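Visitor: Enclosed is the structure file coords03.csv (CSV, C-alpha atoms).
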chain,number,residue,atom,x,y,z
D,209,MET,CA,0.0,0.0,0.0
D,210,ALA,CA,2.0,2.9,-1.3
D,211,ASP,CA,2.2,6.2,0.7
D,212,PRO,CA,2.6,9.0,-1.9
D,213,GLU,CA,3.2,11.6,0.7
D,214,HIS,CA,6.4,9.8,1.9
D,215,ALA,CA,7.5,8.2,-1.4
D,216,VAL,CA,10.9,8.6,-3.0
D,217,ASP,CA,12.1,7.5,-6.4
D,218,PRO,CA,12.1,3.6,-6.7
D,219,PRO,CA,15.6,2.1,-6.6
D,220,GLY,CA,15.4,0.0,-9.8
D,221,PRO,CA,17.2,-3.3,-10.2
D,222,ARG,CA,20.0,-4.1,-7.7
D,223,ALA,CA,23.5,-3.2,-8.8
D,224,GLY,CA,26.9,-3.8,-7.3
D,225,ALA,CA,28.4,-6.5,-5.1
D,226,LEU,CA,26.9,-7.8,-1.9
D,227,VAL,CA,29.0,-7.1,1.2
D,228,TYR,CA,28.7,-7.7,4.9
D,229,ALA,CA,28.4,-5.0,7.5
D,230,ASP,CA,31.1,-5.8,10.0
D,231,LEU,CA,30.8,-2.6,12.2
D,232,MET,CA,28.2,0.0,12.9
D,233,ILE,CA,29.0,3.6,13.9
D,234,LYS,CA,26.1,5.5,15.6
D,235,GLY,CA,26.0,9.0,17.0
D,236,LYS,CA,23.4,11.1,18.8
D,237,ASP,CA,23.6,13.7,16.0
D,238,ALA,CA,24.8,13.9,12.4
D,239,LEU,CA,28.4,12.7,11.9
D,240,ASP,CA,30.8,15.5,11.1
D,241,PRO,CA,31.8,15.4,7.3
D,242,ASP,CA,35.4,15.5,8.3
D,243,VAL,CA,34.9,12.4,10.5
D,244,ILE,CA,33.2,10.6,7.5
D,245,GLU,CA,36.1,11.6,5.2
D,246,ARG,CA,38.7,10.3,7.7
D,247,ILE,CA,36.9,7.0,8.1
D,248,ASN,CA,36.6,6.5,4.3
D,249,ALA,CA,40.3,7.3,4.0
D,250,LEU,CA,41.3,4.3,6.1
D,251,LYS,CA,42.8,1.5,4.0
D,252,THR,CA,41.0,-1.1,6.3
D,253,VAL,CA,37.6,0.4,5.4
D,254,LYS,CA,36.3,-1.0,2.1
D,255,ARG,CA,32.6,0.2,2.0
D,256,SER,CA,30.9,2.6,4.5
D,257,PRO,CA,27.5,4.0,3.5
D,258,VAL,CA,26.0,6.8,5.7
D,259,LEU,CA,22.5,6.3,7.0
D,260,SER,CA,20.1,7.6,9.7
D,261,LEU,CA,19.5,5.5,12.7
D,262,GLY,CA,17.2,5.9,15.6
D,263,ASN,CA,15.0,4.0,18.1
D,264,ALA,CA,11.3,3.8,18.5
D,265,GLY,CA,9.3,2.0,21.3
D,266,VAL,CA,6.8,-0.5,19.9
D,267,GLU,CA,5.0,-2.6,22.5
D,268,ASN,CA,7.8,-2.3,25.0
D,269,THR,CA,10.3,-3.3,22.4
D,270,VAL,CA,12.7,-0.6,21.3
D,271,LEU,CA,13.2,-1.1,17.6
D,272,ASN,CA,16.4,0.0,15.9
D,273,ILE,CA,15.0,1.9,12.9
D,274,ALA,CA,17.2,2.8,9.9
D,275,ALA,CA,16.2,5.5,7.4
D,276,VAL,CA,18.1,4.6,4.2
D,277,ASP,CA,18.6,4.9,0.5
D,278,PRO,CA,17.2,1.5,-0.5
D,279,SER,CA,19.6,1.2,-3.5
D,280,THR,CA,22.7,1.3,-1.4
D,281,TYR,CA,21.6,-0.2,1.9
D,282,ARG,CA,20.2,-3.4,0.3
D,283,ASN,CA,23.6,-4.5,-0.7
D,284,PHE,CA,24.5,-5.0,3.0
D,285,THR,CA,21.7,-7.4,3.6
D,286,VAL,CA,21.8,-11.2,2.8
D,287,ARG,CA,21.1,-12.2,-0.8
D,288,GLU,CA,17.5,-13.4,0.1
D,289,SER,CA,16.7,-9.8,1.2
D,290,ALA,CA,18.9,-7.9,-1.3
D,291,GLU,CA,17.2,-9.5,-4.3
D,292,LEU,CA,13.7,-9.1,-3.0
D,293,GLN,CA,12.9,-6.2,-5.4
D,294,GLU,CA,9.3,-5.7,-4.1
D,295,GLN,CA,10.7,-5.0,-0.6
D,296,TRP,CA,12.8,-2.1,-1.8
D,297,ASP,CA,10.1,-0.7,-4.0
D,298,ARG,CA,7.8,-0.7,-1.1
D,299,VAL,CA,10.3,1.1,1.2
D,300,ALA,CA,10.8,3.7,-1.6
D,301,GLY,CA,7.0,3.9,-1.8
D,302,GLY,CA,6.7,4.9,1.9
D,303,GLU,CA,6.2,1.6,3.6
D,304,VAL,CA,8.3,0.0,6.4
D,305,THR,CA,10.1,-3.4,6.1
D,306,LEU,CA,10.7,-5.3,9.2
D,307,GLU,CA,13.3,-7.9,10.3
D,308,LYS,CA,11.7,-11.3,9.5
D,309,LYS,CA,11.8,-12.5,13.1
D,310,LEU,CA,9.4,-9.7,14.2
D,311,ALA,CA,6.5,-11.1,12.2
D,312,LYS,CA,5.4,-13.3,15.1
D,313,GLN,CA,6.5,-11.0,17.9
D,314,LEU,CA,4.4,-8.0,16.8
D,315,ARG,CA,1.4,-9.8,15.3
D,316,ASP,CA,-0.1,-6.8,13.6
D,317,LYS,CA,-3.5,-7.6,12.1
D,318,GLN,CA,-4.3,-4.3,10.4
D,319,GLY,CA,-1.1,-4.1,8.3
D,320,TYR,CA,0.2,-0.9,10.0
D,321,LEU,CA,2.8,-0.4,12.7
D,322,LYS,CA,2.9,2.6,15.0
D,323,LEU,CA,6.6,3.7,15.1
D,324,GLY,CA,6.9,5.1,18.6
D,325,ASN,CA,5.1,4.5,21.9
D,326,ASP,CA,3.6,8.0,21.9
D,327,ASP,CA,-0.2,7.9,21.5
D,328,ASP,CA,0.0,10.1,18.4
D,329,ALA,CA,3.1,8.4,16.9
D,330,PRO,CA,2.8,8.0,13.1
D,331,GLU,CA,1.6,4.7,11.7
D,332,VAL,CA,3.4,3.2,8.7
D,333,HIS,CA,2.1,0.4,6.5
D,334,ILE,CA,4.2,-2.8,6.7
D,335,GLY,CA,5.5,-3.6,3.2
D,336,ALA,CA,7.6,-6.7,3.9
D,337,TYR,CA,9.3,-8.9,6.5
D,338,ALA,CA,12.8,-9.8,5.4
D,339,PRO,CA,16.3,-10.3,7.0
D,340,GLN,CA,18.1,-7.0,7.7
D,341,VAL,CA,21.6,-5.9,8.7
D,342,PRO,CA,22.3,-7.2,12.3
D,343,GLN,CA,21.0,-4.8,14.9
D,344,ILE,CA,18.6,-3.1,12.5
D,345,ASP,CA,15.0,-4.1,13.1
D,346,ALA,CA,13.0,-1.8,10.7
D,347,VAL,CA,13.9,0.1,7.6
D,348,VAL,CA,12.1,3.2,6.1
D,349,ASN,CA,13.1,5.6,3.4
D,350,GLU,CA,14.7,9.0,4.1
D,351,LYS,CA,11.4,10.9,4.0
D,352,TRP,CA,10.0,8.8,6.7
D,353,GLY,CA,13.2,9.3,8.7
D,354,GLU,CA,12.6,13.0,8.7
D,355,GLU,CA,9.0,12.5,9.8
D,356,LEU,CA,10.0,10.2,12.6
D,357,GLY,CA,12.6,12.7,13.9
D,358,ILE,CA,15.5,10.3,13.3
D,359,PRO,CA,18.8,12.2,13.4
D,360,THR,CA,20.0,12.6,9.8
D,361,ASP,CA,23.3,10.9,8.7
D,362,ASN,CA,24.2,10.0,12.3
D,363,ALA,CA,25.4,6.4,11.5
D,364,MET,CA,27.5,4.4,9.1
D,365,LEU,CA,27.8,0.7,8.2
D,366,VAL,CA,31.4,-0.4,7.7
D,367,ASN,CA,32.8,-3.3,5.7
D,368,THR,CA,36.4,-4.1,6.6
D,369,GLY,CA,37.1,-6.6,3.8
D,370,ILE,CA,39.8,-9.0,4.8
D,371,HIS,CA,40.7,-7.0,7.9
D,372,SER,CA,39.6,-7.9,11.5
D,373,PRO,CA,36.7,-5.8,12.6
D,374,ARG,CA,38.2,-5.7,16.2
D,375,PHE,CA,41.4,-4.2,14.8
D,376,VAL,CA,39.6,-1.7,12.6
D,377,MET,CA,37.2,-0.7,15.5
D,378,LYS,CA,40.1,0.7,17.5
D,379,ASP,CA,41.0,3.1,14.7
D,380,LEU,CA,37.3,4.1,14.2
D,381,GLN,CA,36.9,4.8,17.9
D,382,LYS,CA,39.9,7.2,17.8
D,383,ILE,CA,38.3,9.1,14.9
D,384,VAL,CA,34.8,9.4,16.3
D,385,GLY,CA,35.8,10.0,20.0
D,386,ASP,CA,32.9,10.6,22.3
D,387,ASP,CA,30.6,11.7,19.6
D,388,ALA,CA,29.6,8.2,18.5
D,389,ALA,CA,29.7,4.6,19.5
D,390,VAL,CA,31.4,1.8,17.4
D,391,SER,CA,30.1,-1.7,17.7
D,392,ILE,CA,30.8,-5.1,16.0
D,393,LEU,CA,27.7,-6.4,14.3
D,394,GLY,CA,26.8,-10.0,15.1
D,395,PRO,CA,24.3,-12.2,16.9
D,396,ASN,CA,25.0,-10.7,20.3
D,397,PRO,CA,26.8,-7.5,21.4
D,398,ASP,CA,30.0,-8.2,23.4
D,399,PRO,CA,30.0,-7.4,27.1
D,400,GLY,CA,31.7,-4.0,27.3
D,401,ALA,CA,30.5,-2.8,23.9
D,402,GLN,CA,29.3,0.8,23.7
D,403,GLN,CA,25.9,1.6,22.1
D,404,ILE,CA,23.7,4.7,21.8
D,405,ALA,CA,19.9,4.8,22.3
D,406,VAL,CA,18.3,7.6,20.3
D,407,LEU,CA,14.6,7.4,21.1
D,408,THR,CA,12.3,9.0,18.5
D,409,GLY,CA,8.6,9.2,17.8
D,410,GLY,CA,7.0,12.0,19.8
D,411,SER,CA,6.9,14.1,22.9
D,412,VAL,CA,7.5,11.3,25.3
D,413,ALA,CA,10.6,10.2,23.4
D,414,GLU,CA,11.9,13.8,23.3
D,415,ALA,CA,11.4,14.2,27.1
D,416,VAL,CA,13.2,10.9,27.9
D,417,GLY,CA,16.4,11.9,26.2
D,418,THR,CA,19.3,10.1,24.4
D,419,PHE,CA,22.0,8.1,26.2
D,420,ARG,CA,25.1,6.0,25.6
D,421,TYR,CA,25.2,2.6,27.3
D,422,THR,CA,27.5,-0.3,28.0
D,423,VAL,CA,26.5,-3.9,27.4
D,424,LEU,CA,27.0,-5.9,30.6
D,425,GLY,CA,26.1,-9.4,29.5
D,426,GLY,CA,23.2,-11.5,30.7
D,427,GLY,CA,20.8,-9.2,28.9
D,428,ARG,CA,21.6,-6.2,31.0
D,429,ILE,CA,23.0,-2.7,30.1
D,430,ALA,CA,24.4,0.2,32.0
D,431,PRO,CA,23.3,3.7,30.7
D,432,GLU,CA,25.9,6.4,31.1
D,433,GLN,CA,25.9,7.8,34.6
D,434,SER,CA,25.3,11.4,33.6
D,435,TRP,CA,22.0,10.4,32.0
D,436,VAL,CA,21.0,8.3,35.1
D,437,THR,CA,21.9,11.2,37.5
D,438,ALA,CA,19.9,13.7,35.4
D,439,ASN,CA,16.8,11.6,34.9
D,440,ILE,CA,16.4,8.6,37.2
D,441,ARG,CA,14.7,9.2,40.6
D,442,THR,CA,13.3,7.2,43.5
D,443,GLU,CA,10.2,8.9,44.8
D,444,PRO,CA,7.1,7.9,46.8
D,445,VAL,CA,3.8,7.4,45.0
D,446,PRO,CA,0.4,6.3,46.3
D,447,ILE,CA,-0.1,2.5,46.8
D,448,PRO,CA,3.2,0.9,45.8
D,449,GLY,CA,5.3,3.4,47.8
D,450,ASN,CA,8.8,4.2,46.7
D,451,VAL,CA,9.5,3.5,43.0
D,452,THR,CA,12.5,4.2,40.8
D,453,CYS,CA,11.6,5.7,37.3
D,454,HIS,CA,12.4,8.5,34.9
D,455,ARG,CA,11.6,11.8,36.4
D,456,VAL,CA,9.1,12.7,33.6
D,457,ILE,CA,6.7,9.9,34.6
D,458,PHE,CA,6.1,10.9,38.2
D,459,PRO,CA,3.5,13.7,37.9
D,460,GLN,CA,1.1,11.6,35.9
D,461,LEU,CA,1.9,8.3,37.6
D,462,ARG,CA,1.3,9.9,41.0
D,463,ALA,CA,-2.0,11.5,39.6
D,464,ALA,CA,-3.2,8.1,38.2
D,465,LEU,CA,-2.5,6.2,41.5
D,466,LEU,CA,-4.0,9.0,43.5
D,467,GLU,CA,-7.2,8.7,41.5
D,468,VAL,CA,-7.2,4.9,41.9
D,469,GLN,CA,-6.9,5.5,45.6
D,470,THR,CA,-9.6,8.2,45.9
D,471,THR,CA,-12.1,6.2,43.9
D,472,GLY,CA,-11.9,3.3,46.3
D,473,LEU,CA,-9.9,1.0,44.0
D,474,ALA,CA,-6.5,0.9,45.9
D,475,ASP,CA,-7.0,-2.7,46.8
D,476,GLU,CA,-7.0,-3.6,43.1
D,477,ILE,CA,-3.2,-2.8,43.0
D,478,HIS,CA,-1.0,-5.1,45.0
D,479,PRO,CA,2.2,-3.5,46.2
D,480,GLY,CA,3.8,-6.9,46.9
D,481,GLU,CA,3.3,-7.8,43.2
D,482,TYR,CA,4.9,-4.7,41.7
D,483,ALA,CA,7.9,-5.7,39.5
D,484,GLY,CA,9.6,-2.4,38.9
D,485,CYS,CA,9.9,0.5,36.5
D,486,TYR,CA,13.5,1.4,35.7
D,487,TYR,CA,15.3,-1.8,34.7
D,488,PRO,CA,18.0,-1.3,32.1
D,489,ARG,CA,18.0,-4.4,29.9
D,490,TYR,CA,17.3,-6.0,26.6
D,491,ILE,CA,14.1,-7.9,25.9
D,492,ALA,CA,14.9,-11.6,26.6
D,493,ASN,CA,16.8,-13.3,23.8
D,494,THR,CA,16.9,-10.2,21.6
D,495,GLN,CA,19.2,-7.2,20.9
D,496,GLN,CA,16.2,-4.8,21.5
D,497,LEU,CA,16.0,-2.6,24.6
D,498,SER,CA,12.9,-2.7,26.8
D,499,LEU,CA,11.2,0.6,27.6
D,500,HIS,CA,12.0,-0.2,31.2
D,501,SER,CA,15.5,0.8,30.2
D,502,PHE,CA,14.3,4.4,30.0
D,503,GLY,CA,12.2,4.2,33.2
D,504,ILE,CA,8.9,5.0,31.6
D,505,ALA,CA,7.1,1.6,32.0
D,506,LEU,CA,6.0,-0.3,35.1
D,507,ASP,CA,4.7,-3.8,35.8
D,508,LEU,CA,1.7,-4.3,38.2
D,509,ASN,CA,0.0,-7.3,39.7
D,510,VAL,CA,2.5,-9.6,38.0
D,511,PRO,CA,1.2,-13.1,39.1
D,512,GLY,CA,-2.3,-12.7,37.6
D,513,ASN,CA,-1.2,-10.8,34.5
D,514,GLN,CA,1.3,-13.0,32.7
D,515,ARG,CA,2.3,-12.5,29.0
D,516,GLY,CA,-0.1,-14.0,26.5
D,517,SER,CA,-3.1,-14.0,29.0
D,518,PHE,CA,-6.2,-11.7,29.2
D,519,GLY,CA,-5.1,-10.7,32.7
D,520,GLU,CA,-7.0,-9.9,35.9
D,521,MET,CA,-6.4,-6.1,36.1
D,522,ASN,CA,-9.5,-4.2,37.1
D,523,ARG,CA,-11.0,-2.5,34.1
D,524,ALA,CA,-11.6,0.7,36.0
D,525,VAL,CA,-8.0,0.9,37.1
D,526,VAL,CA,-6.9,0.4,33.4
D,527,ALA,CA,-9.2,3.2,32.3
D,528,ILE,CA,-7.7,5.6,34.9
D,529,PHE,CA,-4.1,4.8,33.7
D,530,LYS,CA,-5.1,5.4,30.1
D,531,LYS,CA,-6.7,8.7,31.1
D,532,TRP,CA,-3.4,9.7,32.6
D,533,GLY,CA,-1.3,8.9,29.5
D,534,PHE,CA,-0.4,5.2,29.9
D,535,ALA,CA,-0.8,2.4,27.3
D,536,ARG,CA,-1.4,-1.1,28.6
D,537,GLY,CA,0.2,-4.2,27.2
D,538,GLY,CA,-3.0,-6.1,27.6
D,539,ASP,CA,-4.2,-4.4,24.4
D,540,TRP,CA,-1.3,-5.7,22.2
D,541,GLY,CA,-1.5,-8.6,19.8
D,542,TYR,CA,0.7,-10.7,22.1
D,543,THR,CA,-0.6,-9.4,25.4
D,544,ASP,CA,1.4,-8.3,28.4
D,545,PRO,CA,-1.4,-7.2,30.8
D,546,MET,CA,0.9,-6.4,33.7
D,547,HIS,CA,2.7,-3.8,31.7
D,548,PHE,CA,1.8,0.0,31.6
D,549,GLU,CA,4.0,2.4,29.6
D,550,MET,CA,3.9,6.2,29.3
D,551,ASN,CA,2.6,7.1,25.9
D,552,ALA,CA,1.6,10.7,26.3
D,553,ILE,CA,2.6,13.7,28.5
D,554,LYS,CA,-0.3,14.7,30.8
D,555,ALA,CA,0.2,17.6,33.2
D,556,PRO,CA,-2.0,17.4,36.3
D,557,ALA,CA,-3.9,20.6,37.0
Transcribe the structure of this file into C-alpha cells.
Guide:
Amino acid sequence: MADPEHAVDPPGPRAGALVYADLMIKGKDALDPDVIERINALKTVKRSPVLSLGNAGVENTVLNIAAVDPSTYRNFTVRESAELQEQWDRVAGGEVTLEKKLAKQLRDKQGYLKLGNDDDAPEVHIGAYAPQVPQIDAVVNEKWGEELGIPTDNAMLVNTGIHSPRFVMKDLQKIVGDDAAVSILGPNPDPGAQQIAVLTGGSVAEAVGTFRYTVLGGGRIAPEQSWVTANIRTEPVPIPGNVTCHRVIFPQLRAALLEVQTTGLADEIHPGEYAGCYYPRYIANTQQLSLHSFGIALDLNVPGNQRGSFGEMNRAVVAIFKKWGFARGGDWGYTDPMHFEMNAIKAPA
C-alpha cells in the first residue's frame, strides 16, 4: 500500500556487489563530514555508507530503525533480502520493512505499525518482512526518517574486507571519539560494547532523552551515569510506595495512582506484586531494549497478568491509567497485561 506523501524514487534493479556489514557507527547527531572523510580514507575500510539510525518504542520493544537509500543499503543485507525487489520498491513507496523474526512478535493484524510508543506516533504500513543488517529491526526511506525525527546521517555501516573488525574498531573509535559509538555487528553485542539509544517518535521520546550505554552481558545494560543522574529518581507514590523511574513519569503516575486511591480501588493494585519501573536491559533473547531501560514503564500485579493472557487487572483501574497517559500491554496482539507504559505527557492541574 504505497504512501505517496512519503514516497521517493524507486531504486530500480539491484546493482553492485553484496557485502557484509562488520561494524556500525552510531552518533546522537549527524556525523561530522570531516569524520566521515577520515573513516573513508582508512585502508582497512572498504565500504561505508552513511544512514540515519534511531530507536522507537513498539509494544515495550525498542526497535532500531534505519532511514536509508534502498539502492545502497540493500547490498549490505543477505542475498535473500537484497534480491527481494518488491521489498525495496515498497520502502521507496513509503512503507516499512521489518526484520523477519518480528512477524510473530508484533502480530499486527491491520497491516500498520505505530513507530513510537507515543499515543500520536505515526503509523506506517508494513511492506515486507525480510532479513536485515544485524542490529537493525526496521527500515524506512529518508522521507519517513525526517517525519519520525531520526537524526540525519548519524550512522555508518562499515565493511572491513579481509581485515579484522576488532582491529579496525580501534581506529574508528579514535576518529569518532565521544561523539559516536562503534560496535561489532553480530548475533549478540559483546560485554563492554558501547551503544547509543536515540529514542524518537514524539513528545515522550523527546522528554526521555538520548543516552550512551555499555553492554553488561546477561541481557543487562548500563546507561551512562550522567543520564542516570539527570533523569532517574526514586520517589514515593500512592499505593506501591517508593518506585524508581524516569523523572518525567512521576507527575502523571502519581496522579493516576491517587485517582485509583480516591475512587476506592486501591485494593486492586497489590504493592507486593509490583515488579519495577527502571530496569535497564534487553528484551529476553533479543538485541532490543525494553522501555523499562528508559524508566517509563512499570509492571503491576504480576502473578495474575502474565504475558499471553487476558489478565486480571480491574478495568476501571486500566481506564484511569489510560486517562493519565499510559498504554497497557493487555491491548497488544501478544498481550502483556501487567505492563503499563507512558505514551503521552499529561500535566496534572
Visitor: For Leu461 in chain D, please output as a list in words all residues within 9 Å (counting all atoms listed in the file; exclusion window: fewer than 2 positions along the same chain).
Guide: Val445, Ile457, Phe458, Pro459, Ala463, Ala464, Leu465, Leu466, Phe529, Trp532, Gly533, Phe534 and Met550 of chain D
Visitor: Using only C-alpha atoms, which of the listed residues (D:Gln433, D:Thr422, D:Ser411, D:Ser372) sits closest to Asp398 in chain D?
Guide: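 Going through D:Gln433, D:Thr422, D:Ser411, D:Ser372 one by one, the smallest distance to Asp398 in chain D is for D:Thr422.
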Visitor: For the atom pair CA of His500 in chain D and CA of Ser517 in chain D, what is the interatomic distance in Å to one decimal place?
Guide: 20.6 Å
Visitor: If we count all atoms listed in the file and set the cut-off at 9 Å, which residues sit around Gly537 in chain D, ignoring sequence neighbours fewer than 2 positions away in its own chain? Please answer as a ChimeraX atom specification.
Guide: /D:267-268,515,535,539-549
Visitor: Which of these residues is nearest to Gly417 in chain D, using only C-alpha atoms: D:Pro431, D:Pro373, D:Gly516, D:Gly302?
Guide: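 The closest residue to Gly417 in chain D is D:Pro431.
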Visitor: Between D:Pro397, D:Gly449, D:Pro488, D:Gly503, which residue has the minimum interatomic distance to Val416 in chain D, considering all atoms listed in the file?
Guide: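 Result for the nearest residue to Val416 in chain D: D:Gly503.
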Visitor: Would you mind listing what lies within 10 Å of range 490-496 of chain D as a list in words, with only C-alpha atoms counted and same-chain residues fewer than 5 positions away left out?
Guide: Asn263, Gly265, Asn268, Thr269, Val270, Leu271, Asn272, Pro342, Gln343, Ile344, Asp345, Gly394, Pro395, Asn396, Pro397, Val423, Gly425, Gly426, Gly427, Arg428, Ile429 and Ser501 of chain D
Visitor: Work out how far CA of Asp326 in chain D is from CA of Ala483 in chain D, in Å to one decimal.
Guide: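 We find that CA of Ala483 in chain D and CA of Asp326 in chain D lie 22.7 Å from each other.
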Visitor: Using all atoms listed in the file, can you tell me which of D:Phe375, D:Trp352, D:Tyr228, D:Phe284 comes closest to Leu261 in chain D?
Guide: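 Counting all atoms listed in the file, the residue closest to Leu261 in chain D is D:Trp352.
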Visitor: Please identify all polymer residues within 9 Å of Gly262 in chain D, counting all atoms listed in the file, omitting same-chain residues fewer than 2 positions from it, and present them as a list in words.
Guide: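 Counting only the stated atoms, we get Lys234, Lys236, Ser260, Ala264, Leu271, Asn272, Ile273, Ala274, Ala275, Gly353, Leu356, Gly357, Ile358, Pro359, Asn362, Ala405, Val406, Leu407 and Thr408 of chain D.
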Visitor: Excluding same-chain residues fewer than 4 positions from Glu331 in chain D, what lies within 10 Å of it counting only C-alpha atoms, as a list in words?
Guide: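 Neighbouring residues, sequence-local ones excluded: Glu303, Val304, Gly319, Tyr320, Leu321, Lys322, Leu323 and Gly324 of chain D.
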Visitor: Go ahead and compute the interatomic distance for CA of Gln340 in chain D and CA of Val243 in chain D, in Å to one decimal.
Guide: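 Those two atoms sit 25.8 Å apart.
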Visitor: Taking only C-alpha atoms into account, name the residue in D:Pro446, D:Gly512, D:Gly301, D:Pro339 that is nearest to Thr285 in chain D.
Guide: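 Among the listed residues, D:Pro339 lies closest to Thr285 in chain D.
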